Amino acid sequence: MVIGGGPVGENAAARTAAGGLRTALVEAERVGGECSYWACMPSKALLRPGHALAAARRVPGVPVGDHLDAAAVLRRRNGFTSNWDDAGQVEWAEGAGLTVVRGRGRLAGERRVDVGGRVLTASRAVVVCTGSVPRVPSLPGLSDVPHWTSRDATSAQEVPDSLVVLGGGVVGVEMAQAWARLGSRVTLVVSGPRPLPKSEDFAGDLVADGLREDGVRLLTGVRATGVSTADPGVSLALSDGSTAEGAHLLVATGRVPATADLGLEEFGFTAGEALPVDDTGRVSGVDWLYAAGDVTGRALLTHQGKYQARAVGTAIVSGAVDPEPWTAPVSTADHTAVPQVVFTDPEVASVGRTAAQAREDGLEVRVVDLDIAVAGSSLHADGYRGKARMVVDERKRTLVGVTFVGPDVAEMLHAATIAVVGEVTVDRLWHAVPAYPTISEVWLRLLEAYGL
Ligand SMILES: Cc1cc2nc3c(=O)[nH]c(=O)nc-3n(C[C@H](O)[C@H](O)[C@H](O)COP(=O)(O)OP(=O)(O)OC[C@H]3O[C@@H](n4cnc5c(N)ncnc54)[C@H](O)[C@@H]3O)c2cc1C
Ligand SMILES: NC(=O)c1ccc[n+]([C@@H]2O[C@H](COP(=O)([O-])OP(=O)(O)OC[C@H]3O[C@@H](n4cnc5c(N)ncnc54)[C@H](O)[C@@H]3O)[C@@H](O)[C@H]2O)c1
């Protein structure tokens, strides 16, 4: 039985059903989860038209207007969320052999789950895939002032006249750019020197430049100290004594695992904390309980959660005990090879460790940095600006991290992921010849700069 029918729960359930186990999928809101209705899909649908317009403007000879048709963009976004109707996803789940149970699941003893007073019992395992919820910072006034979370920012049916975004993580930068390009006056408040603090510094700097070019007022190095209502909207007091005002305030300060009200305390776990799991997804100390996705806090990304779900499903079906790393029931890549794309313009596409993380991990590291300036990039856009970094483990001569920043670099990421996961040596990579004239020729330049 799977609690939580987001992308991760769906995948865990489909895997056990395909393995021949009768599988129930318990979902409290919409089958498809946060990703389909208030996260990945609508946010990317809001961003894509702005990227297409910017791309066309960078190539002389393409006749384009100077602004987006916001109503058409919002209509297309509504289509990607099926107007927040999960009938299609339920149909898919039933087609995959799952029994969809509507309601909020709560553990009610060993292998038992209470859904609205009805207790279901799993013969083999229960998998918790309940995702995460927005982290609400303790900010004076915040609880009294209506504000947006990522749900509002991805589902708004009108372009706000102005928007203050608190938090310069992935949600903050993506939503700041999406709404700025749709015509909103956006202020982004970031406590550090640049947005995207978990990425390489140059990534945050280039994204900051992109946001400023789109008219975003970027305030760095300031903390929010309080929130109050203003006419119209919201006023955010800042640590330098100034204020940021807007029609709406988006609080984008991270997420916490959705482990509250799940009956986990009875098994020794703390509500609000991530469920500790091994690499097969088995929850520490409870041999019939598994978890995958955001609720584990391992990597808050749809693709990585789905990878964990495939491992969990395989582990449950096969009953494998202590399987080897890099086998199907084990999500080994979570530790060192997680890919992510930040869908801003410029995009940030990265996998594995940043240079700083690799050094912290005690690796003997060599870093190669380059501007992305090859025939493919100059053909792609006039004035193409981008950077690439390759982090090499000098002992093994393999890549442990790669970051590309620039327009349309997302599709270059999977090659880097294969190199990191496959521990391909730079000497063998030399023989992976990039096609001319593509942006991927930067791979050849990186290897030449390394000394090959
Ligand atoms: C704005 C935004 C944009 C994002 N964009 C991307 C992106 O582009 N790419 C990417 O990889 N990641 C992205 N993410 C992250 C991604 O959304 C999550 O990593 C992903 O949704 C996690 O999937 P999940 O199934 O673990 O959880 P969720 O998608 O949160 O699904 C959990 C499900 O469990 C249900 N549930 C919770 N408690 C119970 C209960 N007790 N009983 C029954 N059901 C319950 C919920 O209703 C929900 O449907 C984004 C996140 C945000 C906020
Ligand atoms: N394209 C994608 O893959 C994508 C897009 C959106 C979200 N996500 C994932 O969803 C998760 C949630 O995203 P997120 O942006 O909410 O979280 P995040 O952890 O990426 O960023 C939150 C940011 O808020 C800042 N912050 C925290 N408290 C603050 C405060 N009081 N004042 C000011 N700043 C504060 C943090 O320093 C951090 O930079 C992330 O793990 C992210 O990877 C992925």
# chains A, B, ... in the order shown; residues from 1 in each chain; ligands from 1
call {"tool": "residues_around", "arguments": {"residues": "range 106-116 of chain A", "least_positions_apart": "4", "cutoff": "8 Å", "atoms": "only C-alpha atoms", "output": "MDAnalysis selection string"}}
result
chainID A and resid 26 120:126 261:264 288:289
call {"tool": "write_last_selection", "arguments": {"atoms": "C-alpha atoms", "output": "PDB file, in the first residue's frame"}}
result
ATOM      1  CA  VAL A  26      -4.075   6.411  -1.011  1.00  0.00           C
ATOM      2  CA  LEU A 120      -6.740  -1.041   5.219  1.00  0.00           C
ATOM      3  CA  THR A 121      -4.142  -3.747   5.854  1.00  0.00           C
ATOM      4  CA  ALA A 122      -1.169  -4.382   3.570  1.00  0.00           C
ATOM      5  CA  SER A 123       0.043  -7.940   3.258  1.00  0.00           C
ATOM      6  CA  ARG A 124       3.635  -6.958   2.469  1.00  0.00           C
ATOM      7  CA  ALA A 125       4.593  -3.292   2.913  1.00  0.00           C
ATOM      8  CA  VAL A 126       3.452   0.301   3.362  1.00  0.00           C
ATOM      9  CA  ASP A 261      -0.378  13.674  11.289  1.00  0.00           C
ATOM     10  CA  LEU A 262       0.740  10.354   9.798  1.00  0.00           C
ATOM     11  CA  GLY A 263       0.843   8.366  13.030  1.00  0.00           C
ATOM     12  CA  LEU A 264       4.633   8.124  12.784  1.00  0.00           C
ATOM     13  CA  TRP A 288       7.557  -3.307   6.617  1.00  0.00           C
ATOM     14  CA  LEU A 289       7.724   0.483   6.204  1.00  0.00           C
TER      15      LEU A 289
END
call {"tool": "residues_near_ligand", "arguments": {"ligand": "ligand 2", "cutoff": "8 Å", "atoms": "only C-alpha atoms and all ligand atoms", "output": "MDAnalysis selection string"}}
result
chainID A and resid 39:40 43 134:135 137:139 150 166:174 189:192 195:198 222:224 252:255 299:302 340:343
call {"tool": "closest_residue", "arguments": {"among": "A:Gly281, A:Pro232, A:Gly241, A:Pro257", "to": "ligand 1", "atoms": "only C-alpha atoms and all ligand atoms"}}
result
A:Pro257
call {"tool": "atom_distance", "arguments": {"atom1": "CA of Pro437 in chain A", "atom2": "CA of Val59 in chain A"}}
result
16.4 Å
call {"tool": "atom_distance", "arguments": {"atom1": "CA of Ala415 in chain A", "atom2": "CA of Met390 in chain A"}}
result
12.5 Å
call {"tool": "residues_near_ligand", "arguments": {"ligand": "ligand 1", "cutoff": "7 Å", "atoms": "only C-alpha atoms and all ligand atoms", "output": "PyMOL selection string"}}
result
chain A and resi 3-9+26-35+38-41+43-44+103-106+129-132+150+154+171+258+261-262+292-295+300-303+305+340
